[in-house]
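Visitor: Enclosed is the structure file data_38.cif (mmCIF, C-alpha atoms).
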```cif
data_query
loop_
_atom_site.label_atom_id
_atom_site.label_comp_id
_atom_site.auth_asym_id
_atom_site.auth_seq_id
_atom_site.Cartn_x
_atom_site.Cartn_y
_atom_site.Cartn_z
CA MET A 131 0.00 0.00 0.00
CA ARG A 132 1.34 3.41 -1.01
CA GLN A 133 0.09 6.63 0.57
CA ILE A 134 -0.45 9.80 -1.45
CA ASP A 135 -1.50 13.03 0.20
CA VAL A 136 -4.23 14.73 -1.86
CA SER A 137 -2.29 18.01 -1.71
CA GLU A 138 0.04 16.45 -4.29
CA ILE A 139 -2.97 15.94 -6.54
CA VAL A 140 -4.07 19.56 -6.06
CA LYS A 141 -0.62 20.78 -7.06
CA SER A 142 -0.35 18.52 -10.10
CA VAL A 143 -3.83 19.34 -11.41
CA SER A 144 -3.23 23.09 -11.08
CA GLU A 145 0.10 22.88 -12.90
CA LEU A 146 -1.34 20.66 -15.61
CA CYS A 147 -4.19 23.16 -16.22
CA MET A 148 -1.61 25.86 -16.91
CA GLU A 149 0.80 23.72 -18.95
CA ALA A 150 -2.03 22.39 -21.12
CA ASN A 151 -3.17 25.94 -21.92
CA PHE A 152 0.30 27.43 -22.47
CA ASP A 153 2.27 24.67 -24.18
CA LEU A 154 1.12 23.15 -27.44
CA ASN A 155 1.90 19.42 -27.50
CA THR A 156 4.86 18.64 -29.76
CA ASP A 157 2.97 16.04 -31.83
CA ILE A 158 0.45 18.72 -32.85
CA GLU A 159 3.14 21.31 -33.42
CA GLU A 160 4.95 18.91 -35.75
CA ALA A 161 1.73 18.05 -37.57
CA LEU A 162 0.95 21.76 -38.08
CA TYR A 163 4.45 22.33 -39.39
CA VAL A 164 4.21 19.43 -41.86
CA ALA A 165 0.75 20.62 -42.95
CA GLN A 166 2.10 24.09 -43.57
CA GLN A 167 4.87 22.69 -45.81
CA GLN A 168 2.38 20.59 -47.76
CA GLU A 169 -0.42 23.12 -48.20
CA ASP A 170 -1.29 24.06 -51.76
CA ASN A 171 -3.36 27.07 -50.72
CA ASP A 172 -1.57 30.33 -49.84
CA ARG A 173 -4.16 31.52 -47.35
CA ALA A 174 -4.08 28.13 -45.60
CA LYS A 175 -0.28 28.27 -45.47
CA SER A 176 -0.39 31.71 -43.85
CA VAL A 177 -3.05 30.64 -41.32
CA LEU A 178 -0.95 27.61 -40.31
CA ALA A 179 2.14 29.81 -39.96
CA ASN A 180 0.20 32.11 -37.63
CA LEU A 181 -1.01 29.18 -35.52
CA LEU A 182 2.61 28.11 -35.04
CA LYS A 183 3.59 31.69 -34.19
CA ASN A 184 0.76 31.82 -31.65
CA ALA A 185 2.01 28.62 -30.00
CA GLU A 186 5.47 30.12 -29.75
CA ILE A 187 4.22 33.34 -28.09
CA ALA A 188 1.99 31.40 -25.68
CA LYS A 189 4.88 29.19 -24.63
CA MET A 190 7.41 32.01 -24.20
CA GLU A 191 5.09 34.45 -22.43
CA ARG A 192 3.10 31.84 -20.43
CA LEU A 193 -0.17 33.00 -22.02
CA ALA A 194 -3.16 30.88 -22.95
CA MET A 195 -2.98 29.79 -26.61
CA CYS A 196 -6.72 30.38 -26.85
CA GLN A 197 -8.93 32.66 -24.77
CA ASP A 198 -11.33 29.74 -24.43
CA THR A 199 -9.32 27.91 -21.82
CA GLY A 200 -12.10 25.37 -21.70
CA MET A 201 -13.84 23.20 -19.19
CA ALA A 202 -11.26 21.13 -17.36
CA VAL A 203 -11.74 17.46 -18.22
CA VAL A 204 -9.66 15.34 -15.87
CA PHE A 205 -8.83 11.69 -16.52
CA LEU A 206 -7.47 9.69 -13.61
CA GLU A 207 -6.02 6.22 -13.53
CA LEU A 208 -5.77 5.41 -9.86
CA GLY A 209 -3.72 2.38 -8.82
CA GLN A 210 -5.82 0.27 -6.46
CA GLU A 211 -2.91 -0.13 -4.04
CA ILE A 212 -2.90 3.60 -3.31
CA TYR A 213 -4.28 4.95 -0.06
CA LEU A 214 -5.23 8.62 -0.32
CA THR A 215 -4.76 10.82 2.74
CA GLY A 216 -5.42 14.44 3.69
CA GLY A 217 -8.85 14.88 2.11
CA ASN A 218 -11.05 13.50 -0.62
CA LEU A 219 -10.11 12.97 -4.22
CA GLU A 220 -12.86 14.91 -5.99
CA ASP A 221 -12.41 17.98 -3.79
CA ALA A 222 -8.68 17.88 -4.53
CA ILE A 223 -9.28 17.88 -8.27
CA HIS A 224 -11.73 20.78 -8.14
CA LYS A 225 -9.32 22.67 -5.91
CA GLY A 226 -6.49 22.05 -8.37
CA VAL A 227 -8.62 23.39 -11.23
CA ARG A 228 -9.63 26.45 -9.19
CA LEU A 229 -5.99 27.24 -8.38
CA GLY A 230 -4.68 26.55 -11.86
CA TYR A 231 -7.24 28.78 -13.53
CA GLN A 232 -6.63 31.55 -11.01
CA GLN A 233 -2.84 31.45 -11.05
CA GLY A 234 -2.61 31.00 -14.81
CA TYR A 235 -4.98 33.90 -15.60
CA LEU A 236 -7.13 31.42 -17.46
CA ARG A 237 -10.70 32.29 -18.38
CA LYS A 238 -13.50 31.08 -16.12
CA SER A 239 -15.91 29.63 -18.65
CA VAL A 240 -18.25 27.45 -16.57
CA ALA A 241 -21.85 28.51 -15.93
CA HIS A 242 -25.15 27.12 -14.65
CA PRO A 243 -26.80 25.54 -17.70
CA ILE A 244 -30.12 27.36 -17.29
CA THR A 245 -29.54 30.56 -15.30
CA ARG A 246 -26.15 31.02 -17.07
CA VAL A 247 -24.63 32.34 -13.85
CA ASN A 248 -20.86 31.78 -13.98
CA THR A 249 -19.46 29.61 -11.18
CA GLY A 250 -16.55 32.06 -11.07
CA ASP A 251 -13.68 29.61 -10.71
CA ASN A 252 -14.05 27.24 -13.67
CA THR A 253 -15.26 24.41 -11.45
CA PRO A 254 -16.66 21.84 -11.41
CA ALA A 255 -14.19 19.82 -13.43
CA ILE A 256 -15.44 16.86 -15.44
CA ILE A 257 -13.84 13.80 -13.84
CA HIS A 258 -13.31 10.40 -15.45
CA LEU A 259 -11.88 7.95 -12.91
CA ARG A 260 -10.60 4.44 -13.57
CA ILE A 261 -9.27 2.17 -10.87
CA VAL A 262 -6.35 0.20 -12.27
CA PRO A 263 -3.86 -2.32 -10.84
CA GLY A 264 -0.70 -0.98 -9.23
CA GLN A 265 0.62 1.86 -7.09
CA GLN A 266 0.65 4.78 -9.50
CA LEU A 267 -1.71 7.66 -10.15
CA LYS A 268 -1.85 8.97 -13.72
CA ILE A 269 -3.49 12.37 -14.11
CA THR A 270 -4.43 13.90 -17.46
CA VAL A 271 -5.92 17.37 -17.69
CA ALA A 272 -7.62 18.10 -21.02
CA PRO A 273 -9.16 21.60 -21.12
CA LYS A 274 -11.92 21.52 -23.72
CA GLY A 275 -13.11 24.61 -25.58
CA PHE A 276 -16.69 24.69 -26.71
CA GLY A 277 -16.20 26.05 -30.22
CA SER A 278 -15.20 22.50 -31.04
CA GLU A 279 -17.20 20.71 -28.33
CA ASN A 280 -20.47 22.14 -29.69
CA MET A 281 -19.76 20.49 -33.04
CA GLY A 282 -19.68 16.90 -31.78
CA SER A 283 -22.35 14.27 -32.32
CA LEU A 284 -23.79 11.03 -31.02
CA THR A 285 -25.56 8.82 -33.55
CA LEU A 286 -27.39 5.74 -32.33
CA LEU A 287 -27.07 3.54 -35.39
CA VAL A 288 -28.41 0.00 -35.65
CA PRO A 289 -26.31 -3.05 -36.57
CA GLY A 290 -27.54 -3.03 -40.18
CA ASP A 291 -26.02 0.43 -40.70
CA GLY A 292 -22.60 -1.21 -40.37
CA LEU A 293 -19.28 0.26 -41.39
CA ASP A 294 -20.83 2.54 -44.03
CA GLY A 295 -23.13 4.02 -41.39
CA ILE A 296 -20.16 4.67 -39.12
CA LYS A 297 -18.19 6.43 -41.88
CA LYS A 298 -21.21 8.53 -42.84
CA ALA A 299 -21.81 9.62 -39.22
CA VAL A 300 -18.20 10.80 -38.93
CA ILE A 301 -18.00 12.58 -42.29
CA ASP A 302 -21.41 14.24 -41.87
CA THR A 303 -20.41 15.57 -38.45
CA VAL A 304 -17.18 17.07 -39.77
CA LYS A 305 -18.96 18.56 -42.79
CA ARG A 306 -21.65 20.13 -40.62
CA ALA A 307 -19.01 21.50 -38.23
CA GLY A 308 -17.32 23.25 -41.16
CA SER A 309 -15.34 26.29 -40.09
CA ASN A 310 -16.67 26.42 -36.50
CA PRO A 311 -14.38 24.08 -34.51
CA CYS A 312 -11.15 25.90 -35.53
CA PRO A 313 -9.77 23.52 -38.15
CA PRO A 314 -7.39 21.83 -38.73
CA ILE A 315 -9.20 19.56 -36.30
CA ILE A 316 -8.47 16.34 -34.49
CA VAL A 317 -11.36 13.89 -34.70
CA GLY A 318 -12.06 11.57 -31.80
CA VAL A 319 -14.44 8.73 -32.63
CA GLY A 320 -16.10 6.36 -30.18
CA ILE A 321 -17.77 3.22 -31.52
CA GLY A 322 -19.87 0.81 -29.45
CA GLY A 323 -20.54 0.52 -25.74
CA THR A 324 -23.64 2.27 -24.44
CA MET A 325 -24.80 5.80 -25.17
CA GLU A 326 -22.70 7.50 -22.46
CA TYR A 327 -19.70 5.18 -22.76
CA CYS A 328 -19.50 5.78 -26.49
CA THR A 329 -19.14 9.56 -26.01
CA TYR A 330 -16.52 8.93 -23.32
CA LEU A 331 -14.55 6.80 -25.80
CA ALA A 332 -14.67 9.63 -28.35
CA LYS A 333 -13.32 12.07 -25.78
CA ARG A 334 -10.59 9.66 -24.72
CA ALA A 335 -9.60 9.18 -28.36
CA LEU A 336 -8.64 12.88 -28.45
CA LEU A 337 -5.83 12.11 -26.00
CA ARG A 338 -4.09 9.83 -28.48
CA LYS A 339 -0.86 10.97 -30.10
CA VAL A 340 -1.43 12.78 -33.40
CA GLY A 341 -0.08 10.57 -36.17
CA GLY A 342 -0.20 7.45 -33.98
CA PHE A 343 -2.81 5.14 -35.47
CA HIS A 344 -4.63 2.33 -33.65
CA LYS A 345 -2.65 -0.80 -32.84
CA GLU A 346 -5.23 -3.02 -34.54
CA GLU A 347 -4.68 -2.90 -38.27
CA ASP A 348 -8.32 -2.80 -39.39
CA ILE A 349 -9.11 0.09 -37.04
CA ALA A 350 -5.96 1.91 -38.13
CA SER A 351 -6.96 1.58 -41.77
CA LEU A 352 -10.42 2.97 -40.96
CA GLU A 353 -8.75 5.93 -39.23
CA LYS A 354 -6.58 6.55 -42.29
CA GLU A 355 -9.50 6.26 -44.68
CA LEU A 356 -11.57 8.74 -42.65
CA LEU A 357 -8.65 11.16 -42.43
CA LEU A 358 -8.24 11.07 -46.19
CA LYS A 359 -11.97 11.59 -46.80
CA ILE A 360 -12.14 14.45 -44.29
CA ASN A 361 -9.22 16.22 -45.94
CA GLN A 362 -10.90 15.81 -49.31
CA LEU A 363 -13.71 18.02 -47.99
CA ARG A 364 -11.24 20.93 -48.35
CA ILE A 365 -12.72 22.88 -45.45
CA GLY A 366 -9.13 23.86 -44.70
CA PRO A 367 -7.53 25.83 -41.84
CA GLN A 368 -10.15 28.21 -40.35
CA GLY A 369 -12.54 27.01 -43.06
CA PHE A 370 -10.85 29.16 -45.69
CA GLY A 371 -10.15 26.18 -47.97
CA GLY A 372 -7.04 24.04 -48.40
CA ARG A 373 -6.02 20.44 -47.98
CA THR A 374 -5.61 20.47 -44.19
CA THR A 375 -9.02 19.99 -42.56
CA ALA A 376 -7.95 17.39 -39.99
CA LEU A 377 -4.56 16.51 -38.54
CA HIS A 378 -5.66 13.18 -37.16
CA VAL A 379 -8.52 10.74 -36.67
CA ALA A 380 -8.43 8.46 -33.62
CA ILE A 381 -10.96 5.71 -33.00
CA GLU A 382 -11.63 3.91 -29.73
CA TYR A 383 -14.12 1.09 -29.69
CA ALA A 384 -15.84 -1.25 -27.23
CA PRO A 385 -18.25 -4.16 -27.54
CA THR A 386 -21.87 -3.11 -27.75
CA HIS A 387 -25.35 -4.66 -27.52
CA ILE A 388 -26.60 -7.02 -30.26
CA ALA A 389 -29.29 -4.43 -31.11
CA GLY A 390 -27.10 -1.32 -31.26
CA LEU A 391 -24.24 0.56 -32.86
CA PRO A 392 -23.57 3.87 -31.09
CA VAL A 393 -21.11 6.22 -32.82
CA ALA A 394 -19.83 9.37 -31.14
CA VAL A 395 -17.68 12.06 -32.70
CA ASN A 396 -15.83 14.51 -30.46
CA ILE A 397 -14.03 17.22 -32.39
CA GLY A 398 -10.86 18.81 -31.04
CA CYS A 399 -9.55 22.12 -32.37
CA HIS A 400 -6.07 22.70 -33.80
CA ALA A 401 -4.67 23.01 -30.28
CA THR A 402 -6.45 19.98 -28.68
CA ARG A 403 -4.89 20.47 -25.25
CA HIS A 404 -3.92 17.76 -22.80
CA LYS A 405 -1.08 17.18 -20.38
CA THR A 406 -0.34 14.10 -18.32
CA ARG A 407 1.65 13.45 -15.17
CA THR A 408 2.18 10.25 -13.21
CA LEU A 409 2.58 10.33 -9.44
CA MET B 190 -2.80 44.09 -47.17
CA LYS B 191 -5.19 47.04 -46.63
CA ARG B 192 -4.99 49.30 -43.60
CA ILE B 193 -8.29 50.52 -42.18
CA GLU B 194 -8.83 53.31 -39.68
CA LEU B 195 -12.04 52.82 -37.69
CA PRO B 196 -14.92 53.73 -37.40
CA LEU B 197 -16.03 51.65 -40.37
CA THR B 198 -17.91 53.96 -42.68
CA GLU B 199 -20.07 52.80 -45.57
CA GLU B 200 -17.49 54.27 -47.91
CA ILE B 201 -14.75 52.00 -46.49
CA ALA B 202 -17.05 48.97 -46.40
CA LEU B 203 -17.86 49.34 -50.09
CA GLN B 204 -14.17 49.01 -50.97
CA LEU B 205 -13.68 45.67 -49.18
CA ARG B 206 -13.99 42.26 -50.85
CA ALA B 207 -14.29 38.78 -49.35
CA GLY B 208 -10.83 37.28 -48.97
CA ASP B 209 -9.04 40.61 -48.46
CA GLU B 210 -6.51 40.65 -45.63
CA VAL B 211 -6.88 43.86 -43.67
CA LEU B 212 -5.31 45.52 -40.64
CA LEU B 213 -7.80 47.30 -38.40
CA SER B 214 -6.84 50.22 -36.19
CA GLY B 215 -9.10 52.11 -33.79
CA TRP B 216 -11.84 51.29 -31.29
CA ILE B 217 -13.86 48.07 -31.41
CA TYR B 218 -16.36 46.59 -28.92
CA THR B 219 -16.41 43.06 -27.51
CA ALA B 220 -19.75 41.31 -27.04
CA ARG B 221 -20.61 37.63 -27.04
CA ASP B 222 -23.57 35.42 -26.05
CA ALA B 223 -24.62 36.94 -22.71
CA ALA B 224 -24.02 40.57 -23.77
CA HIS B 225 -26.00 40.06 -26.98
CA GLN B 226 -28.90 38.58 -25.06
CA ARG B 227 -28.85 41.56 -22.68
CA MET B 228 -28.65 44.15 -25.45
CA ILE B 229 -31.61 42.64 -27.29
CA GLU B 230 -33.65 42.42 -24.05
CA GLU B 231 -32.93 46.07 -23.33
CA VAL B 232 -33.88 47.16 -26.82
CA ASN B 233 -37.11 45.17 -26.55
CA GLN B 234 -37.85 46.88 -23.22
CA GLY B 235 -37.32 50.24 -24.92
CA LYS B 236 -34.19 51.04 -22.88
CA GLY B 237 -31.83 51.53 -25.81
CA LEU B 238 -28.33 50.19 -26.31
CA PRO B 239 -25.33 50.64 -23.97
CA PHE B 240 -23.33 52.32 -26.75
CA ASN B 241 -23.99 53.97 -30.08
CA LEU B 242 -23.62 51.32 -32.76
CA GLN B 243 -23.35 53.74 -35.68
CA ASN B 244 -20.44 52.59 -37.90
CA GLN B 245 -19.05 50.49 -35.05
CA VAL B 246 -17.52 47.01 -35.09
CA ILE B 247 -18.42 44.28 -32.59
CA TYR B 248 -15.83 41.61 -31.83
CA TYR B 249 -17.31 38.29 -30.70
CA ALA B 250 -14.78 37.68 -27.97
CA GLY B 251 -14.39 37.18 -24.24
CA PRO B 252 -10.77 37.65 -23.18
CA ALA B 253 -8.87 35.62 -20.60
CA PRO B 254 -8.02 37.62 -17.44
CA THR B 255 -5.22 40.14 -17.80
CA PRO B 256 -1.89 38.91 -16.38
CA PRO B 257 0.28 41.48 -14.55
CA GLY B 258 2.16 43.75 -16.93
CA LYS B 259 -0.11 43.03 -19.89
CA VAL B 260 -2.78 45.20 -21.54
CA ILE B 261 -5.14 42.24 -21.91
CA GLY B 262 -5.13 38.45 -21.58
CA SER B 263 -5.39 36.12 -24.55
CA ILE B 264 -8.19 37.17 -26.85
CA GLY B 265 -9.53 35.65 -30.05
CA PRO B 266 -12.86 35.19 -31.81
CA THR B 267 -15.62 32.88 -30.69
CA THR B 268 -18.06 31.07 -33.03
CA SER B 269 -20.13 33.78 -34.71
CA SER B 270 -23.15 31.67 -35.63
CA ARG B 271 -24.33 31.71 -32.01
CA MET B 272 -24.89 35.44 -32.43
CA ASP B 273 -26.81 35.04 -35.73
CA ARG B 274 -30.22 35.35 -34.08
CA PHE B 275 -29.30 38.77 -32.67
CA THR B 276 -27.32 40.21 -35.58
CA PRO B 277 -29.99 41.52 -38.01
CA MET B 278 -31.44 43.71 -35.26
CA LEU B 279 -28.06 45.18 -34.35
CA LEU B 280 -27.30 45.85 -38.01
CA SER B 281 -30.59 47.72 -38.26
CA HIS B 282 -29.35 49.89 -35.36
CA GLY B 283 -26.29 50.99 -37.31
CA LEU B 284 -23.73 48.28 -36.57
CA ARG B 285 -21.32 48.21 -39.51
CA GLY B 286 -18.93 45.37 -38.79
CA MET B 287 -18.45 42.16 -36.87
CA ILE B 288 -15.35 40.12 -36.12
CA GLY B 289 -15.69 36.42 -35.34
CA LYS B 290 -15.03 33.01 -36.75
CA GLY B 291 -17.04 30.64 -38.90
CA THR B 292 -19.93 30.90 -41.31
CA ARG B 293 -23.12 32.94 -40.80
CA SER B 294 -26.78 32.12 -41.45
CA LYS B 295 -28.48 33.04 -44.71
CA GLU B 296 -30.51 35.64 -42.85
CA VAL B 297 -27.38 37.34 -41.52
CA MET B 298 -25.73 37.24 -44.95
CA GLN B 299 -28.76 39.03 -46.39
CA ALA B 300 -28.77 41.60 -43.58
CA ILE B 301 -25.04 42.25 -44.12
CA GLU B 302 -25.73 42.98 -47.77
CA ALA B 303 -28.80 45.11 -47.04
CA HIS B 304 -26.99 47.29 -44.47
CA LYS B 305 -23.68 47.48 -46.38
CA ALA B 306 -21.85 45.88 -43.50
CA ILE B 307 -18.77 43.66 -43.26
CA TYR B 308 -18.16 40.39 -41.44
CA PHE B 309 -14.49 39.89 -40.64
CA ALA B 310 -12.89 36.61 -39.61
CA ALA B 311 -10.06 36.62 -37.09
CA LEU B 312 -7.94 33.53 -36.48
CA GLY B 313 -9.71 31.18 -34.07
CA GLY B 314 -7.42 29.80 -31.41
CA ALA B 315 -4.58 32.24 -32.02
CA ALA B 316 -5.39 34.36 -29.00
CA ALA B 317 -1.91 34.94 -27.57
CA LEU B 318 -0.84 36.36 -30.94
CA GLN B 319 -3.93 38.52 -31.32
CA ALA B 320 -3.70 39.99 -27.82
CA GLN B 321 -0.60 41.82 -29.04
CA ALA B 322 -2.69 44.08 -31.28
CA VAL B 323 -4.66 45.47 -28.32
CA GLU B 324 -3.32 48.75 -26.90
CA LYS B 325 -6.11 49.88 -24.55
CA VAL B 326 -9.09 48.26 -22.82
CA GLU B 327 -12.09 49.82 -21.06
CA ILE B 328 -15.23 48.22 -19.67
CA VAL B 329 -18.32 49.75 -21.27
CA ALA B 330 -21.24 47.75 -19.83
CA TYR B 331 -22.34 44.62 -17.94
CA GLU B 332 -19.17 44.39 -15.83
CA GLU B 333 -20.79 41.62 -13.76
CA LEU B 334 -20.58 39.36 -16.82
CA ALA B 335 -16.79 39.21 -16.29
CA SER B 336 -15.19 37.91 -19.50
CA GLU B 337 -18.53 38.42 -21.27
CA ALA B 338 -18.80 42.13 -20.37
CA ILE B 339 -18.85 44.68 -23.19
CA ARG B 340 -15.35 46.12 -23.52
CA ARG B 341 -13.97 48.82 -25.77
CA LEU B 342 -10.60 47.85 -27.20
CA PHE B 343 -8.19 50.14 -28.98
CA VAL B 344 -6.46 47.95 -31.54
CA LYS B 345 -3.46 48.73 -33.73
CA ASP B 346 -3.07 46.77 -36.97
CA MET B 347 -5.30 43.91 -35.91
CA ALA B 348 -5.03 41.30 -38.69
CA VAL B 349 -8.37 39.97 -39.98
CA TYR B 350 -9.83 38.63 -43.21
CA VAL B 351 -12.92 40.01 -44.92
CA ALA B 352 -15.15 36.94 -44.56
CA VAL B 353 -18.40 38.36 -45.96
CA ASP B 354 -18.44 41.59 -47.93
CA CYS B 355 -21.33 43.97 -48.46
CA PHE B 356 -22.10 42.39 -51.83
CA GLY B 357 -22.80 39.04 -50.15
CA ALA B 358 -19.59 37.26 -51.25
CA SER B 359 -17.94 34.94 -48.72
CA ILE B 360 -14.47 33.57 -47.98
CA TYR B 361 -15.93 30.23 -46.86
CA SER B 362 -15.93 27.50 -49.45
CA GLY B 363 -19.38 26.18 -48.55
CA ASP B 364 -21.22 29.52 -48.76
#
```
Using structure tokens, write down the structure from this file.
Guide:
Amino acid sequence: MRQIDVSEIVKSVSELCMEANFDLNTDIEEALYVAQQQEDNDRAKSVLANLLKNAEIAKMERLAMCQDTGMAVVFLELGQEIYLTGGNLEDAIHKGVRLGYQQGYLRKSVAHPITRVNTGDNTPAIIHLRIVPGQQLKITVAPKGFGSENMGSLTLLVPGDGLDGIKKAVIDTVKRAGSNPCPPIIVGVGIGGTMEYCTYLAKRALLRKVGGFHKEEDIASLEKELLLKINQLRIGPQGFGGRTTALHVAIEYAPTHIAGLPVAVNIGCHATRHKTRTL
Amino acid sequence: MKRIELPLTEEIALQLRAGDEVLLSGWIYTARDAAHQRMIEEVNQGKGLPFNLQNQVIYYAGPAPTPPGKVIGSIGPTTSSRMDRFTPMLLSHGLRGMIGKGTRSKEVMQAIEAHKAIYFAALGGAAALQAQAVEKVEIVAYEELASEAIRRLFVKDMAVYVAVDCFGASIYSGD
């Protein structure tokens, strides 16, 4: 049994909130750079160059890359041999988010869904907890902006819709999203499970490394096919046209019911922020 | 690259074409979802608007808090289509320009053409870069809305694209 004081979780979550908002992940930075080299459209090339410049300024000056510093989505993989002391886990996460958003001068973008009154400190965080074997705690903070979040979809297909139905659900969602989610986008796809688990899979897919396709060959080839088809839409960076509409498509799947085929699409913007730390 | 000194008169608007890259200098106003809702409610109650819209430009943006030593925190455009339902009314009150990101509804496109207005697109998600164009910030109304308050920004050479011109042409491929 290993003991972890929750104050360590508070500290890590707050730092991860800031790092995720200030420092573009290198896989995305590389993908933007490659896209800029390969663009055939001058306006798209110039947009991509400015996105890279923005990332540079944000990193150097410790400023948020985007003013929409998102809702804090926190993924935890908690080793079952850990004994937490000093308080409770959920409070520690919310406290970490509160501190991170305050200290990082990040925007407080969370409000009551009906009265629209802002909670004032960007809490509550959205928490996804998994209990796993071992003695480690893996924390991922993924701030999610709603320009892209609003463009996602859940389609409850039936088994007869099959692979073609899945592809259509993904392409239609990206087409409908058009210029809104700040392309070039990263497309997270969840297939199977139940209604809520499917959307969770789509969100989790956004954490995958850009350019790193699924380890199962048939899923990887579906990811590549969808990426190609999405880029043929020529929505382009900011929706101004060009060959770079998406940088990556990542699919996560799970077994589902004999009567169903849920498909969720969660779109991430060109910055798709997430940072991970293991305690 | 065209340089434009604000306010945005009809004469200037008539010279702009979709796809043009322009640098804006002068005062602009921020307003997003909550501020739009408030403004429309107040107009409907006969209270009038918190500022004179004549030849003005509204920027759909809510900045991040201002870090010490900075003029403003990160600031970039939010999705314009959420403001579509409010836009024709504001255009009829003299609003001449909007800055945001993404396509607009058919109704807004028609209103832009009818009122000889301009819809500019700023780069979504490039908010650290765009904060550098802001030289002064003042709160104008609805301070309690925090990042959603109406602010007046003095910008110098703020880089935007003409997304929809006053002849109804658009930069977006699908329009």
Visitor: One decimal, in Å: what's the spacing between CA of Glu327 (chain B) and CA of Leu212 (chain B)?
Guide: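 CA of Leu212 (chain B) lies 21.2 Å from CA of Glu327 (chain B).
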Visitor: Residues of chain B no more than 8 Å from chain A, counting only C-alpha atoms: send them over as a count of residues only.
Guide: 26
Visitor: Given the file shown, determine the residues that the PyMOL selection byres ((chain A and resi 316) around 9) selects; report them as an MDAnalysis selection string.
Guide: chainID A and resid 313:315 317:318 336 340 375:380 396:402
Visitor: Restrict the selected residues to C-alpha atoms and save them as a compact mmCIF listing (two decimals), keeping the file's coordinate frame.
Guide:
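This went into again_1.txt:
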```txt
# COMPACT_ATOMS: atom_id res chain seq x y z
CA PRO A 313 -9.77 23.52 -38.15
CA PRO A 314 -7.39 21.83 -38.73
CA ILE A 315 -9.20 19.56 -36.30
CA VAL A 317 -11.36 13.89 -34.70
CA GLY A 318 -12.06 11.57 -31.80
CA LEU A 336 -8.64 12.88 -28.45
CA VAL A 340 -1.43 12.78 -33.40
CA THR A 375 -9.02 19.99 -42.56
CA ALA A 376 -7.95 17.39 -39.99
CA LEU A 377 -4.56 16.51 -38.54
CA HIS A 378 -5.66 13.18 -37.16
CA VAL A 379 -8.52 10.74 -36.67
CA ALA A 380 -8.43 8.46 -33.62
CA ASN A 396 -15.83 14.51 -30.46
CA ILE A 397 -14.03 17.22 -32.39
CA GLY A 398 -10.86 18.81 -31.04
CA CYS A 399 -9.55 22.12 -32.37
CA HIS A 400 -6.07 22.70 -33.80
CA ALA A 401 -4.67 23.01 -30.28
CA THR A 402 -6.45 19.98 -28.68
```
Visitor: Within 12 Å of (-19.6, 34.3, -51.4) (coordinates as in the file), grab all the protein and nucleic acid residues, counting all atoms listed in the file, and write them out as a tab-separated table (two decimals) with C-alpha atoms, keeping the file's coordinate frame.
Guide:
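Generated file (selection.tsv):
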```
chain	number	residue	atom	x	y	z
A	370	PHE	CA	-10.85	29.16	-45.69
B	206	ARG	CA	-13.99	42.26	-50.85
B	207	ALA	CA	-14.29	38.78	-49.35
B	208	GLY	CA	-10.83	37.28	-48.97
B	292	THR	CA	-19.93	30.90	-41.31
B	293	ARG	CA	-23.12	32.94	-40.80
B	295	LYS	CA	-28.48	33.04	-44.71
B	298	MET	CA	-25.73	37.24	-44.95
B	299	GLN	CA	-28.76	39.03	-46.39
B	302	GLU	CA	-25.73	42.98	-47.77
B	308	TYR	CA	-18.16	40.39	-41.44
B	351	VAL	CA	-12.92	40.01	-44.92
B	352	ALA	CA	-15.15	36.94	-44.56
B	353	VAL	CA	-18.40	38.36	-45.96
B	354	ASP	CA	-18.44	41.59	-47.93
B	355	CYS	CA	-21.33	43.97	-48.46
B	356	PHE	CA	-22.10	42.39	-51.83
B	357	GLY	CA	-22.80	39.04	-50.15
B	358	ALA	CA	-19.59	37.26	-51.25
B	359	SER	CA	-17.94	34.94	-48.72
B	360	ILE	CA	-14.47	33.57	-47.98
B	361	TYR	CA	-15.93	30.23	-46.86
B	362	SER	CA	-15.93	27.50	-49.45
B	363	GLY	CA	-19.38	26.18	-48.55
B	364	ASP	CA	-21.22	29.52	-48.76
```
Visitor: Please indicate the distance in Å from CA of Val319 (chain A) to CA of Val395 (chain A), rounded to one decimal place.
Guide: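 Distance reported for this atom pair: 4.6 Å.
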Visitor: Might you pull out every residue within 7 Å of Val349 (chain B), with only C-alpha atoms counted and same-chain residues fewer than 4 positions away left off, and present them as a list in words?
Guide: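 Answer for this query is Glu210, Val211, Leu212, Phe309, Ala310 and Ala311 of chain B.
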Visitor: From the set A:Ala165, A:Met201, A:Ile139, A:Ile212, which residue has the shortest atom-to-atom contact distance to Ala241 (chain A), counting all atoms listed in the file?
Guide: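 Selected residue with least distance to Ala241 (chain A): A:Met201.
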Visitor: Using CA of Lys225 (chain A) and CA of Glu138 (chain A) as the two end points, give the distance in Å to one decimal.
Guide: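 Atom-to-atom, CA of Lys225 (chain A) and CA of Glu138 (chain A) are spaced 11.4 Å apart.
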